[in-house]
$ cat coords25.cif   # mmCIF, C-alpha atoms
data_query
loop_
_atom_site.label_atom_id
_atom_site.label_comp_id
_atom_site.auth_asym_id
_atom_site.auth_seq_id
_atom_site.Cartn_x
_atom_site.Cartn_y
_atom_site.Cartn_z
CA MET N 1144 157.21 115.40 140.41
CA THR N 1145 155.70 113.03 137.84
CA ARG N 1146 154.48 110.75 140.54
CA SER N 1147 152.76 113.52 142.45
CA ILE N 1148 150.60 114.49 139.46
CA GLY N 1149 149.58 110.97 138.68
CA SER N 1150 150.62 108.06 136.50
CA ASP N 1151 148.97 109.35 133.24
CA PRO N 1152 151.88 109.25 130.77
CA SER N 1153 150.42 111.86 128.39
CA ILE N 1154 150.22 114.43 131.10
CA ALA N 1155 153.75 113.57 132.10
CA ARG N 1156 154.85 114.00 128.52
CA THR N 1157 153.21 117.43 128.34
CA LEU N 1158 154.96 118.34 131.56
CA LEU N 1159 158.39 117.22 130.39
CA GLU N 1160 157.86 118.90 127.05
CA GLY N 1161 156.90 122.09 128.77
CA ALA N 1162 159.87 121.87 131.08
CA ARG N 1163 162.23 121.18 128.16
CA MET N 1164 160.97 124.07 126.11
CA GLY N 1165 160.47 126.35 129.04
CA LYS N 1166 156.78 126.73 128.22
CA SER N 1167 155.14 126.39 131.62
CA LYS N 1168 151.85 128.33 131.63
CA GLN N 1169 152.36 129.39 135.19
CA PRO N 1170 155.56 130.22 137.01
CA GLY N 1171 157.00 127.19 138.72
CA GLY N 1172 155.11 124.64 136.48
CA ASP N 1173 151.90 124.46 138.47
CA ALA N 1174 150.18 121.04 138.09
CA LYS N 1175 146.71 122.52 137.50
CA GLY N 1176 148.09 124.78 134.82
CA LEU N 1177 149.63 121.82 133.01
CA ALA N 1178 146.37 119.84 133.22
CA ASP N 1179 144.49 122.84 131.77
CA ASP N 1180 147.07 123.04 129.04
CA PHE N 1181 146.57 119.37 128.23
CA ARG N 1182 142.78 119.67 128.18
CA LYS N 1183 143.04 122.64 125.86
CA LYS N 1184 145.27 120.60 123.56
CA LEU N 1185 142.60 117.85 123.44
CA LEU N 1186 139.82 120.32 122.66
CA ASP N 1187 141.87 121.91 119.89
CA ARG N 1188 142.51 118.48 118.39
CA ARG N 1189 138.76 117.65 118.42
CA VAL N 1190 137.82 120.94 116.73
CA GLU N 1191 140.51 120.21 114.17
CA LEU N 1192 139.05 116.73 113.43
CA GLU N 1193 135.49 118.05 113.16
CA SER N 1194 136.49 120.69 110.67
CA GLN N 1195 138.37 118.04 108.71
CA LEU N 1196 135.27 115.87 108.56
CA SER N 1197 133.20 118.64 107.02
CA THR N 1198 135.75 119.68 104.44
CA SER N 1199 137.60 116.47 103.67
CA LYS N 1200 137.25 114.64 100.34
CA VAL N 1201 135.12 111.96 102.01
CA GLY N 1202 132.87 114.69 103.35
CA GLU N 1203 132.54 116.20 99.87
CA ALA N 1204 131.74 112.90 98.16
CA ALA N 1205 129.14 111.93 100.75
CA PRO N 1206 126.51 114.62 100.06
CA SER N 1207 126.76 114.14 96.28
CA LYS N 1208 126.35 110.36 96.53
CA ILE N 1209 123.27 110.74 98.69
CA THR N 1210 121.83 113.40 96.38
CA GLU N 1211 122.38 111.12 93.42
CA ALA N 1212 120.69 108.20 95.16
CA LEU N 1213 117.76 110.38 96.21
CA GLN N 1214 117.26 111.85 92.73
CA ASN N 1215 117.25 108.38 91.27
CA LEU N 1216 114.83 107.26 93.97
CA ASN N 1217 112.46 110.14 93.15
CA LEU N 1218 112.48 109.09 89.49
CA GLU N 1219 111.71 105.48 90.34
CA VAL N 1220 108.98 106.40 92.82
CA LYS N 1221 107.34 108.59 90.17
CA LYS N 1222 107.40 105.66 87.74
CA VAL N 1223 105.62 103.47 90.27
CA ASP N 1224 103.05 106.23 90.85
CA ASP N 1225 102.41 106.29 87.11
CA LEU N 1226 102.15 102.51 86.83
CA THR N 1227 98.38 102.31 87.34
CA GLU N 1228 97.71 104.79 84.55
CA SER N 1229 100.26 103.17 82.27
CA PHE N 1230 98.69 99.77 82.75
CA LEU N 1231 95.15 101.08 82.20
CA MET N 1232 96.28 102.75 78.99
CA GLY N 1233 97.70 99.43 77.85
CA GLU N 1234 101.21 100.87 77.76
CA LYS N 1235 102.64 98.27 80.11
CA ASP N 1236 102.34 94.51 80.15
CA PHE N 1237 102.28 92.47 83.37
CA HIS N 1238 105.99 91.70 83.39
CA GLU N 1239 106.84 95.36 82.72
CA VAL N 1240 104.77 96.37 85.74
CA ALA N 1241 106.58 93.81 87.88
CA VAL N 1242 110.03 94.87 86.64
CA GLN N 1243 109.28 98.53 87.40
CA ILE N 1244 108.15 97.68 90.93
CA ARG N 1245 111.30 95.67 91.57
CA GLN N 1246 113.50 98.38 90.13
CA SER N 1247 111.96 101.07 92.31
CA ASP N 1248 112.26 98.84 95.35
CA LEU N 1249 115.97 98.43 94.60
CA ALA N 1250 116.38 102.17 94.26
CA LEU N 1251 114.88 102.61 97.71
CA LYS N 1252 117.11 99.91 99.20
CA TYR N 1253 120.14 101.54 97.59
CA ALA N 1254 119.27 104.97 99.00
CA PHE N 1255 119.00 103.43 102.45
CA ALA N 1256 122.28 101.58 102.04
CA VAL N 1257 124.08 104.80 101.13
CA ARG N 1258 122.53 106.61 104.09
CA ASN N 1259 123.43 103.81 106.49
CA LYS N 1260 127.02 103.75 105.26
CA LEU N 1261 127.38 107.47 105.82
CA VAL N 1262 125.85 107.31 109.29
CA ASP N 1263 128.21 104.45 110.19
CA ALA N 1264 131.21 106.37 108.87
CA TYR N 1265 130.23 109.51 110.81
CA ARG N 1266 129.78 107.52 114.00
CA GLU N 1267 133.16 105.88 113.48
CA VAL N 1268 134.88 109.23 113.17
CA MET N 1269 133.09 110.70 116.16
CA ARG N 1270 134.16 107.68 118.21
CA MET N 1271 137.77 108.25 117.24
CA SER N 1272 138.03 111.92 118.26
CA VAL N 1273 136.88 111.33 121.85
CA MET W 857 86.86 99.87 70.86
CA THR W 858 89.40 98.21 73.10
CA ASN W 859 92.92 99.51 73.20
CA ILE W 860 95.02 97.63 70.66
CA SER W 861 97.92 97.06 73.04
CA ASP W 862 95.65 95.55 75.65
CA PRO W 863 97.45 93.44 78.26
CA PHE W 864 94.39 91.18 78.40
CA ARG W 865 94.24 90.57 74.67
CA GLY W 866 95.10 86.87 74.89
CA PHE W 867 92.34 86.33 77.42
CA ARG W 868 89.79 88.17 75.30
CA ILE W 869 90.76 86.09 72.28
CA ALA W 870 90.20 82.84 74.16
CA SER W 871 86.87 84.19 75.46
CA SER W 872 85.78 84.97 71.91
CA GLY W 873 86.58 81.38 70.99
CA LEU W 874 84.44 80.11 73.86
CA ALA W 875 81.52 82.28 72.79
CA ALA W 876 81.74 81.23 69.15
CA GLU W 877 81.99 77.52 69.91
CA ARG W 878 79.11 77.86 72.36
CA THR W 879 76.93 79.27 69.59
CA ARG W 880 78.00 76.46 67.29
CA ILE W 881 77.10 73.86 69.91
CA ASN W 882 73.68 75.47 70.32
CA VAL W 883 73.15 75.36 66.57
CA ILE W 884 74.12 71.68 66.42
CA ALA W 885 71.79 70.96 69.34
CA SER W 886 68.95 72.66 67.47
CA ASN W 887 69.72 70.64 64.34
CA LEU W 888 69.71 67.37 66.27
CA ALA W 889 66.54 68.24 68.14
CA ASN W 890 64.75 69.09 64.86
CA ALA W 891 66.15 66.23 62.79
CA HIS W 892 62.63 64.88 62.21
CA THR W 893 60.60 68.09 62.13
CA THR W 894 58.45 67.90 59.01
CA ARG W 895 56.32 70.95 59.81
CA MET W 896 57.71 74.09 61.40
CA PRO W 897 55.49 75.76 64.05
CA GLY W 898 53.26 78.48 62.73
CA SER W 899 53.28 77.26 59.13
CA ASP W 900 50.18 76.26 57.13
CA GLY W 901 51.55 73.29 55.28
CA PRO W 902 54.44 70.86 55.45
CA SER W 903 57.72 72.70 55.99
CA PRO W 904 60.73 70.65 56.98
CA TYR W 905 63.27 72.14 59.35
CA GLN W 906 66.24 73.44 57.40
CA ARG W 907 69.67 72.70 58.80
CA GLN W 908 71.34 75.68 60.43
CA VAL W 909 75.03 76.50 60.15
CA ALA W 910 77.12 78.84 62.32
CA HIS W 911 79.52 80.80 60.11
CA PHE W 912 82.83 81.73 61.72
CA GLU W 913 85.04 84.64 60.78
CA PRO W 914 88.22 86.04 62.38
CA ILE W 915 87.95 89.28 64.36
CA LEU W 916 90.48 91.79 63.05
CA GLU W 917 90.82 95.15 64.70
CA ARG W 918 92.30 97.90 62.59
CA HIS W 919 94.15 100.65 64.39
CA ALA W 920 96.43 103.25 62.85
CA GLY W 921 97.35 101.13 59.85
CA GLU W 922 97.96 97.97 61.88
CA THR W 923 95.65 94.94 61.87
CA THR W 924 95.52 92.98 65.11
CA PRO W 925 93.80 89.58 65.34
CA MET W 926 91.33 89.54 68.21
CA GLY W 927 89.90 86.04 68.04
CA VAL W 928 86.80 84.74 66.29
CA ARG W 929 83.11 85.57 65.97
CA VAL W 930 79.99 84.04 64.49
CA SER W 931 79.28 86.27 61.49
CA LYS W 932 75.83 84.77 61.07
CA VAL W 933 73.74 81.70 61.72
CA GLY W 934 72.54 80.79 58.28
CA HIS W 935 70.56 77.99 56.64
CA ASP W 936 72.13 75.14 54.74
CA GLN W 937 70.69 75.76 51.26
CA ASP W 938 73.05 73.34 49.56
CA THR W 939 72.04 70.08 51.15
CA PRO W 940 68.70 68.85 49.80
CA PHE W 941 65.86 67.71 52.03
CA GLU W 942 65.46 64.01 52.45
CA GLU W 943 62.46 62.64 50.58
CA ILE W 944 60.71 59.55 51.89
CA ASN W 945 57.80 57.83 50.25
CA ASP W 946 55.10 57.63 52.91
CA PRO W 947 51.57 58.52 51.71
CA SER W 948 50.04 57.85 55.16
CA HIS W 949 52.10 60.62 56.76
CA PRO W 950 50.09 63.79 57.60
CA ASP W 951 52.76 65.94 55.98
CA ALA W 952 52.98 63.89 52.81
CA VAL W 953 52.70 65.84 49.56
CA ASP W 954 51.87 63.56 46.61
CA GLY W 955 52.81 60.63 48.85
CA VAL W 956 56.26 62.04 49.61
CA VAL W 957 57.38 63.42 52.96
CA ARG W 958 60.18 65.88 53.04
CA TYR W 959 62.49 65.46 56.10
CA PRO W 960 65.09 67.95 57.35
CA ASN W 961 68.47 67.97 55.62
CA VAL W 962 70.11 67.01 58.92
CA ASN W 963 72.55 64.13 59.03
CA ALA W 964 72.74 63.06 62.67
CA THR W 965 76.15 61.44 62.27
CA LYS W 966 77.67 64.55 60.75
CA GLU W 967 76.11 66.69 63.47
CA MET W 968 77.62 64.46 66.18
CA ALA W 969 81.05 64.69 64.56
CA ASP W 970 80.72 68.48 64.40
CA LEU W 971 79.58 68.49 68.03
CA ILE W 972 82.69 66.63 69.14
CA THR W 973 84.92 69.03 67.20
CA ALA W 974 83.13 72.00 68.75
CA MET W 975 83.50 70.60 72.25
CA ARG W 976 87.21 69.92 71.76
CA SER W 977 87.66 73.48 70.58
CA TYR W 978 85.69 74.74 73.55
CA GLU W 979 87.99 72.86 75.92
CA ALA W 980 91.07 74.13 74.09
CA ASN W 981 89.91 77.73 74.48
CA LEU W 982 89.34 77.11 78.19
CA LYS W 983 92.92 75.86 78.46
CA ALA W 984 94.11 78.96 76.61
CA GLN W 985 92.33 81.17 79.13
CA GLU W 986 93.88 79.26 81.99
CA SER W 987 97.31 79.46 80.39
CA PHE W 988 96.96 83.22 80.07
CA VAL W 989 96.07 83.64 83.72
CA ARG W 990 99.03 81.47 84.80
CA MET W 991 101.45 83.48 82.71
CA ALA W 992 100.14 86.78 84.05
CA GLU W 993 100.43 85.49 87.62
CA ARG W 994 103.99 84.36 86.93
CA ALA W 995 104.83 87.78 85.57
CA LEU W 996 103.43 89.59 88.59
CA ARG W 997 105.30 87.26 90.90
CA ILE W 998 108.50 88.90 89.68
CA ALA W 999 107.49 91.94 91.75
CA ARG W 1000 107.41 90.02 95.03
CA MET D 838 123.66 103.76 90.58
CA ASP D 839 124.04 102.75 86.94
CA SER D 840 125.69 99.50 87.86
CA LEU D 841 122.80 98.75 90.17
CA ARG D 842 120.10 99.37 87.61
CA PHE D 843 118.49 96.22 86.36
CA ASN D 844 120.27 96.05 83.08
CA ASP D 845 118.90 93.32 80.89
CA PRO D 846 116.38 94.76 78.42
CA LEU D 847 116.82 91.58 76.37
CA LEU D 848 115.06 89.55 79.06
CA VAL D 849 112.21 92.05 79.16
CA ARG D 850 111.92 91.86 75.37
CA LEU D 851 111.93 88.07 75.54
CA LEU D 852 109.12 88.06 78.06
CA GLY D 853 107.22 90.43 75.78
CA ALA D 854 107.73 88.17 72.77
CA VAL D 855 106.69 85.03 74.67
CA SER D 856 103.62 86.88 75.94
CA GLU D 857 102.72 87.90 72.38
CA ARG D 858 103.25 84.34 71.22
CA GLY D 859 100.72 83.27 73.85
CA ASN D 860 98.24 85.68 72.30
CA VAL D 861 98.95 84.34 68.81
CA ILE D 862 98.52 80.72 69.88
CA SER D 863 95.26 81.72 71.57
CA ASN D 864 94.10 83.27 68.32
CA ASN D 865 95.08 80.18 66.34
CA LEU D 866 93.03 78.03 68.71
CA ALA D 867 90.03 80.37 68.60
CA ASN D 868 90.13 80.15 64.79
CA ALA D 869 90.78 76.40 64.67
CA ASN D 870 87.52 75.97 62.76
CA THR D 871 87.40 79.21 60.80
CA PRO D 872 87.31 78.64 57.02
CA GLY D 873 90.39 79.95 55.22
CA PHE D 874 92.38 80.61 58.38
CA THR D 875 96.16 80.02 58.42
CA PRO D 876 97.88 79.90 61.83
CA ASP D 877 100.43 82.55 62.88
CA ARG D 878 103.82 82.13 64.55
CA VAL D 879 105.96 84.57 66.53
CA GLU D 880 109.62 84.47 65.56
CA PHE D 881 112.08 85.88 68.07
CA GLU D 882 114.26 83.33 69.85
CA SER D 883 115.31 81.70 66.57
CA ARG D 884 116.29 85.11 65.19
CA LEU D 885 118.29 85.86 68.33
CA CYS D 886 120.12 82.54 67.89
CA ASP D 887 120.91 83.39 64.28
CA ALA D 888 122.24 86.79 65.28
CA LEU D 889 124.40 85.20 67.98
CA LYS D 890 125.83 82.72 65.50
CA ARG D 891 126.64 85.49 63.06
CA GLY D 892 128.16 87.54 65.85
CA GLU D 893 125.69 90.37 65.32
CA SER D 894 124.23 92.70 67.92
CA LEU D 895 121.11 91.39 69.60
CA ASP D 896 119.63 94.87 70.06
CA ALA D 897 118.63 95.05 66.40
CA VAL D 898 116.71 91.76 66.43
CA LYS D 899 112.94 92.25 66.30
CA ALA D 900 110.12 89.86 67.09
CA GLU D 901 107.80 89.26 64.14
CA THR D 902 104.47 87.53 63.64
CA VAL D 903 104.40 85.44 60.46
CA LYS D 904 101.95 83.05 58.78
CA ASP D 905 102.71 79.33 59.03
CA LYS D 906 101.92 77.78 55.69
CA THR D 907 103.46 74.37 56.42
CA ASN D 908 100.31 72.59 57.55
CA PRO D 909 97.97 70.62 55.27
CA VAL D 910 94.92 72.62 54.24
CA SER D 911 91.44 71.18 54.76
CA PRO D 912 88.61 71.65 52.21
CA ASP D 913 87.35 74.82 53.83
CA GLY D 914 90.81 76.40 53.72
CA ASN D 915 91.63 76.06 57.42
CA SER D 916 95.10 74.69 58.29
CA VAL D 917 95.17 74.79 62.08
CA VAL D 918 96.27 71.57 63.79
CA MET D 919 94.89 71.78 67.29
CA GLU D 920 97.38 69.37 68.84
CA ASP D 921 100.28 71.47 67.51
CA GLU D 922 98.79 74.59 69.04
CA MET D 923 98.18 72.94 72.40
CA GLY D 924 101.78 71.68 72.45
CA ALA D 925 103.06 75.11 71.47
CA MET D 926 101.05 76.63 74.30
CA LEU D 927 102.64 74.37 76.90
CA GLU D 928 106.13 74.94 75.51
CA ASN D 929 105.50 78.67 75.56
CA ARG D 930 104.52 78.55 79.22
CA MET D 931 107.82 76.85 80.02
CA ARG D 932 109.74 79.53 78.16
CA TYR D 933 107.95 82.22 80.14
CA GLU D 934 108.75 80.44 83.38
CA THR D 935 112.43 80.16 82.41
CA PHE D 936 112.91 83.79 81.44
CA ALA D 937 110.97 85.03 84.45
CA THR D 938 113.16 82.93 86.74
CA ILE D 939 116.37 84.29 85.21
CA LEU D 940 115.02 87.81 85.55
CA GLU D 941 114.20 87.29 89.21
CA ALA D 942 117.66 85.85 89.81
CA GLN D 943 119.28 88.97 88.36
CA PHE D 944 117.26 91.20 90.63
CA GLU D 945 118.09 89.00 93.59
CA LEU D 946 121.82 89.33 92.89
CA ILE D 947 121.58 93.10 92.81
CA ARG D 948 119.45 93.15 95.94
CA SER D 949 121.93 90.96 97.78
CA SER D 950 124.82 93.18 96.84
CA VAL D 951 122.95 96.31 97.94
CA GLN D 952 121.96 94.76 101.26
CA GLU D 953 125.35 93.06 101.69
CA GLY D 954 123.96 89.57 101.79
CA ARG D 955 121.41 90.33 104.49
#
$ encode --input "coords25.cif" --output "structure tokens"
Amino acid sequence: MTRSIGSDPSIARTLLEGARMGKSKQPGGDAKGLADDFRKKLLDRRVELESQLSTSKVGEAAPSKITEALQNLNLEVKKVDDLTESFLMGEKDFHEVAVQIRQSDLALKYAFAVRNKLVDAYREVMRMSV
Amino acid sequence: MTNISDPFRGFRIASSGLAAERTRINVIASNLANAHTTRMPGSDGPSPYQRQVAHFEPILERHAGETTPMGVRVSKVGHDQDTPFEEINDPSHPDAVDGVVRYPNVNATKEMADLITAMRSYEANLKAQESFVRMAERALRIAR
Amino acid sequence: MDSLRFNDPLLVRLLGAVSERGNVISNNLANANTPGFTPDRVEFESRLCDALKRGESLDAVKAETVKDKTNPVSPDGNSVVMEDEMGAMLENRMRYETFATILEAQFELIRSSVQEGR
């Protein structure tokens, strides 16, 4: 009977499991019924993984890290916006202007790095569930 | 009044030095040119040119209780009243009074020495300006 | 993000002090022929060294501009030695270059770690 369905071991396993526990969906253990059963199992597993992703600890940490990076970025961008005025008012010397520019640039790079890491992690997970 | 915490302060200071030394050089040039002037233009009788002196004083800007040095300025171009005129016995001279001609109280050698000092200072202030610009450029390069 | 903030205010203060010293040297040169003028000095690095030797915190050390009364005084009261000031100016430029380079290196390290060496 295994050979007539095909050589996919997971389907065979489902079949044997069903036969052992007497859980055939249709009387007589119809092959289509077992395949449907298997597909349903896969879909359930995927839904399970997706819900895990949105509620897991990693999922919780991710939004807060990005928010933190973005808030910091906003602060740094504002400082760069204010630089011209600060310099005109004599509040900042040349090296202070340069340091502020570098700092804000780093904040931007950091925000991007966090975002990229999260996108990569999401993609990784999505690849796994299929 | 300029802002006390002016990022360009060093440059302005050097510029003030250039301006002051320039005035001094002009004064010395005038002294040298008039070293033998026994009658000033527009005067009725003999009137020897009187040596001119550029007086320097530091520029100090006061702001909210703090005094910030801002270079140097020529407070005035005055006359040298202390050095006497040179008196030469020369009755045939048109500007002789009782056979004596009064010449300007200008010592050419001293003027030349002062001129060299002024020029050295002028060059030094130029270097200071250049140094300022280089430092500012170096600072801004940090942002690259 | 705290660990990624550029975190060396001492370097920024040093650059500020060296910059101010440049201004002071400029002023000394401008007044090289001013009667009664005594040159100024900016003290910072030496005070930092002293604090380090005594094991004290560097945050409390302040830069200060002081009069230099060690030079011989000429008849008109001026005690600026132009060669000293020119030398000090060159030395100061080198200090600025050094601190700026260290500062850039610190930023570069942070940048590299954020961009994972790319």
$ atom_distance --input "coords25.cif" --atom1 "atom CA of W:Ile869" --atom2 "atom CA of W:Gly934"
23.6 Å
$ resolve_selection --input "coords25.cif" --expression "the PyMOL selection byres ((chain W) within 7 of (chain N))" --output "VMD selection string"
chain W and resid 859 861 to 863 992 995 to 996 998 to 999
$ resolve_selection --input "coords25.cif" --expression "the PyMOL selection byres ((chain W) within 6 of (chain D))" --output "ChimeraX atom specification"
/W:866,869-870,873,912-913,927-928,984,998
$ interface_residues --input "coords25.cif" --of "chain N" --to "chain D" --cutoff "7 Å" --atoms "all atoms listed in the file" --output "list in words"
Gln1246, Leu1249, Lys1252, Tyr1253 and Ala1256 of chain N
$ residues_around --input "coords25.cif" --residues "W:Ser886" --least-positions-apart "4" --cutoff "10 Å" --atoms "all atoms listed in the file" --output "JSON list (two decimals) with C-alpha atoms, in the coordinates of the input"
[["chain", "number", "residue", "atom", "x", "y", "z"],
["W", 880, "ARG", "CA", 78.00, 76.46, 67.29],
["W", 881, "ILE", "CA", 77.10, 73.86, 69.91],
["W", 882, "ASN", "CA", 73.68, 75.47, 70.32],
["W", 890, "ASN", "CA", 64.75, 69.09, 64.86],
["W", 891, "ALA", "CA", 66.15, 66.23, 62.79],
["W", 905, "TYR", "CA", 63.27, 72.14, 59.35],
["W", 907, "ARG", "CA", 69.67, 72.70, 58.80],
["W", 908, "GLN", "CA", 71.34, 75.68, 60.43]]
$ atom_distance --input "coords25.cif" --atom1 "atom CA of W:Val956" --atom2 "atom CA of W:Thr893"
14.6 Å
$ residues_around --input "coords25.cif" --residues "D:Arg878" --least-positions-apart "3" --cutoff "7 Å" --atoms "all atoms listed in the file" --output "list in words"
Val861, Thr902, Val903, Lys904 and Asp905 of chain D
$ residues_around --input "coords25.cif" --residues "W:Pro940" --least-positions-apart "6" --cutoff "12 Å" --atoms "only C-alpha atoms" --output "list in words"
Pro904, Tyr905, Gln906, Arg907, Arg958, Tyr959, Pro960, Asn961, Val962 and Asn963 of chain W
$ atom_distance --input "coords25.cif" --atom1 "atom CA of D:Asn908" --atom2 "atom CA of W:Ala974"
20.5 Å
